[in-house]
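J.: One structure, pasted below without further comment.
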Amino acid sequence: MSTIPILFAEPSEPPSETLGILTPDPDVAIKEIDVEKIKASLKDLTGKLTGIFEDIKTVGQYNLNTVQLAVQVSAEGGVSLVASAKAGMSGTITLTFSK
């Protein structure tokens with residue numbers, strides 16, 4: 001089995017006297033993830049994205065040139081899009097059109 005090391009941040013438990021405004025830095029760990037699992041997750045995600053972007057190849061006189069997405073890998077090897085989940089976090093999709 002071929003693996004790839006991935007760096008993960010696991011949130012630390014805040015001390016009981018913390019008011020919830022400031023939290024300690026997360027604990028960082030490296031985990032070996034099965035390459036085949038990541039490959040299968042990426043294949044599934046890109047297959048679904050193909051269907052989404054098929055309909056926007058052109059907008060007016062402009063052709064879709066590039067799509068940029070942010071993805072994250074889970075500790076189990078799953079792949080998902082990064083989306084806005086909390087204040088201060090954001091996920092973006094950048095579409096580049098050319099004429």
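By convention in this document, the chains of the structure tokens carry letters A, B, ... by their order, each chain's residues are numbered from 1, and ligands are numbered from 1 in the order they are shown.
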Hey, could you make a per-residue contact list for region 53-79 of chain A against region 35-44 of chain A with 9 Å as the cut-off, showing the nearest pair of atoms and its distance in Å to one decimal, counting only C-alpha atoms, sorted by chain and number, as a tab-separated table?
T.:
residue	atom	partner	partner_atom	distance
A:Val73	CA	A:Ile38	CA	7.7
A:Glu76	CA	A:Lys37	CA	8.3
A:Gly77	CA	A:Ile38	CA	5.1
A:Gly78	CA	A:Ser41	CA	5.6
A:Val79	CA	A:Ser41	CA	5.5
J.: Can you write out the residues you just picked, keeping C-alpha atoms, as a JSON list (two decimals), in the first residue's frame?
T.:
[["chain", "number", "residue", "atom", "x", "y", "z"],
["A", 73, "VAL", "CA", -8.39, 16.02, 2.56],
["A", 76, "GLU", "CA", -9.70, 9.27, 6.49],
["A", 77, "GLY", "CA", -8.62, 10.20, 2.94],
["A", 78, "GLY", "CA", -11.89, 11.73, 1.80],
["A", 79, "VAL", "CA", -11.81, 14.85, -0.36]]
J.: Kindly indicate which residue among A:Ser2, A:Lys31, A:Leu7, A:Thr46 lies nearest to Ser80 (chain A), using only C-alpha atoms for the distances.
T.: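 Under the stated criterion, the closest residue is A:Thr46.
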J.: Residues at most 8 Å from Ile6 (chain A), counting only C-alpha atoms, excluding those fewer than 5 positions away in the same chain, as a compact mmCIF listing (two decimals) with N, CA and C atoms, in the first residue's frame?
T.:
# COMPACT_ATOMS: atom_id res chain seq x y z
N ILE A 30 1.02 14.43 11.86
CA ILE A 30 1.16 13.92 10.50
C ILE A 30 0.56 12.53 10.48
N LYS A 31 -0.29 12.28 9.47
CA LYS A 31 -0.92 10.98 9.32
C LYS A 31 -0.66 10.47 7.91
N GLU A 32 -0.33 9.20 7.81
CA GLU A 32 -0.13 8.57 6.50
C GLU A 32 -1.50 8.16 5.95
N ILE A 33 -1.84 8.65 4.75
CA ILE A 33 -3.12 8.38 4.12
C ILE A 33 -2.90 7.52 2.88
J.: Run DSSP on the backbone and tell me which residues of region 38-75 of chain A come out as alpha helix (DSSP H); list them as JSON, numbers by chain.
T.: {"A": [38, 39, 40, 41, 42, 43, 44, 45, 46, 47, 48, 49, 50, 51, 52, 53, 54]}
J.: Would you put the residues from that selection into a file with C-alpha atoms, as a PDB file, in the first residue's frame?
T.:
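Writing the result to out_16.pdb gives the following:
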ATOM      1  CA  ILE A  38      -7.428   9.841  -1.992  1.00  0.00           C
ATOM      2  CA  LYS A  39      -7.338   8.942  -5.694  1.00  0.00           C
ATOM      3  CA  ALA A  40     -10.831   7.396  -5.519  1.00  0.00           C
ATOM      4  CA  SER A  41     -12.198  10.398  -3.594  1.00  0.00           C
ATOM      5  CA  LEU A  42     -10.736  12.862  -6.121  1.00  0.00           C
ATOM      6  CA  LYS A  43     -12.117  10.821  -9.035  1.00  0.00           C
ATOM      7  CA  ASP A  44     -15.602  10.871  -7.484  1.00  0.00           C
ATOM      8  CA  LEU A  45     -15.453  14.621  -6.783  1.00  0.00           C
ATOM      9  CA  THR A  46     -14.140  15.571 -10.226  1.00  0.00           C
ATOM     10  CA  GLY A  47     -16.768  13.388 -11.897  1.00  0.00           C
ATOM     11  CA  LYS A  48     -19.511  15.293 -10.085  1.00  0.00           C
ATOM     12  CA  LEU A  49     -17.899  18.651 -10.860  1.00  0.00           C
ATOM     13  CA  THR A  50     -17.775  17.800 -14.562  1.00  0.00           C
ATOM     14  CA  GLY A  51     -21.571  17.672 -14.589  1.00  0.00           C
ATOM     15  CA  ILE A  52     -21.818  20.980 -12.743  1.00  0.00           C
ATOM     16  CA  PHE A  53     -19.488  22.927 -15.050  1.00  0.00           C
ATOM     17  CA  GLU A  54     -20.676  21.380 -18.341  1.00  0.00           C
TER      18      GLU A  54
END
J.: From the options A:Ala75, A:Val59, A:Leu69, A:Leu64, which residue's atoms come nearest to Ala9 (chain A), counting only C-alpha atoms?
T.: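 Using only C-alpha atoms, the shortest distance to Ala9 (chain A) belongs to A:Ala75.
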J.: Which one is closest to Ile56 (chain A): A:Thr96, A:Met1, A:Phe8, A:Asp27? Count only C-alpha atoms.
T.: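 Checking each candidate against Ile56 (chain A), we get A:Thr96 as the closest.
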J.: So the first atom is CA of Thr66 (chain A) and the second is CA of Val82 (chain A); what is the distance between them in Å, to one decimal place?
T.: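 Straight-line distance from CA of Thr66 (chain A) to CA of Val82 (chain A) works out to 18.0 Å.
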J.: Separation of CA of Val28 (chain A) and CA of Leu81 (chain A), in Å?
T.: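 A separation of 21.5 Å between them.
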J.: To one decimal in Å, tell me the separation between CA of Ile4 (chain A) and CA of Gln68 (chain A).
T.: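 Separating CA of Ile4 (chain A) from CA of Gln68 (chain A) is a distance of 23.1 Å.
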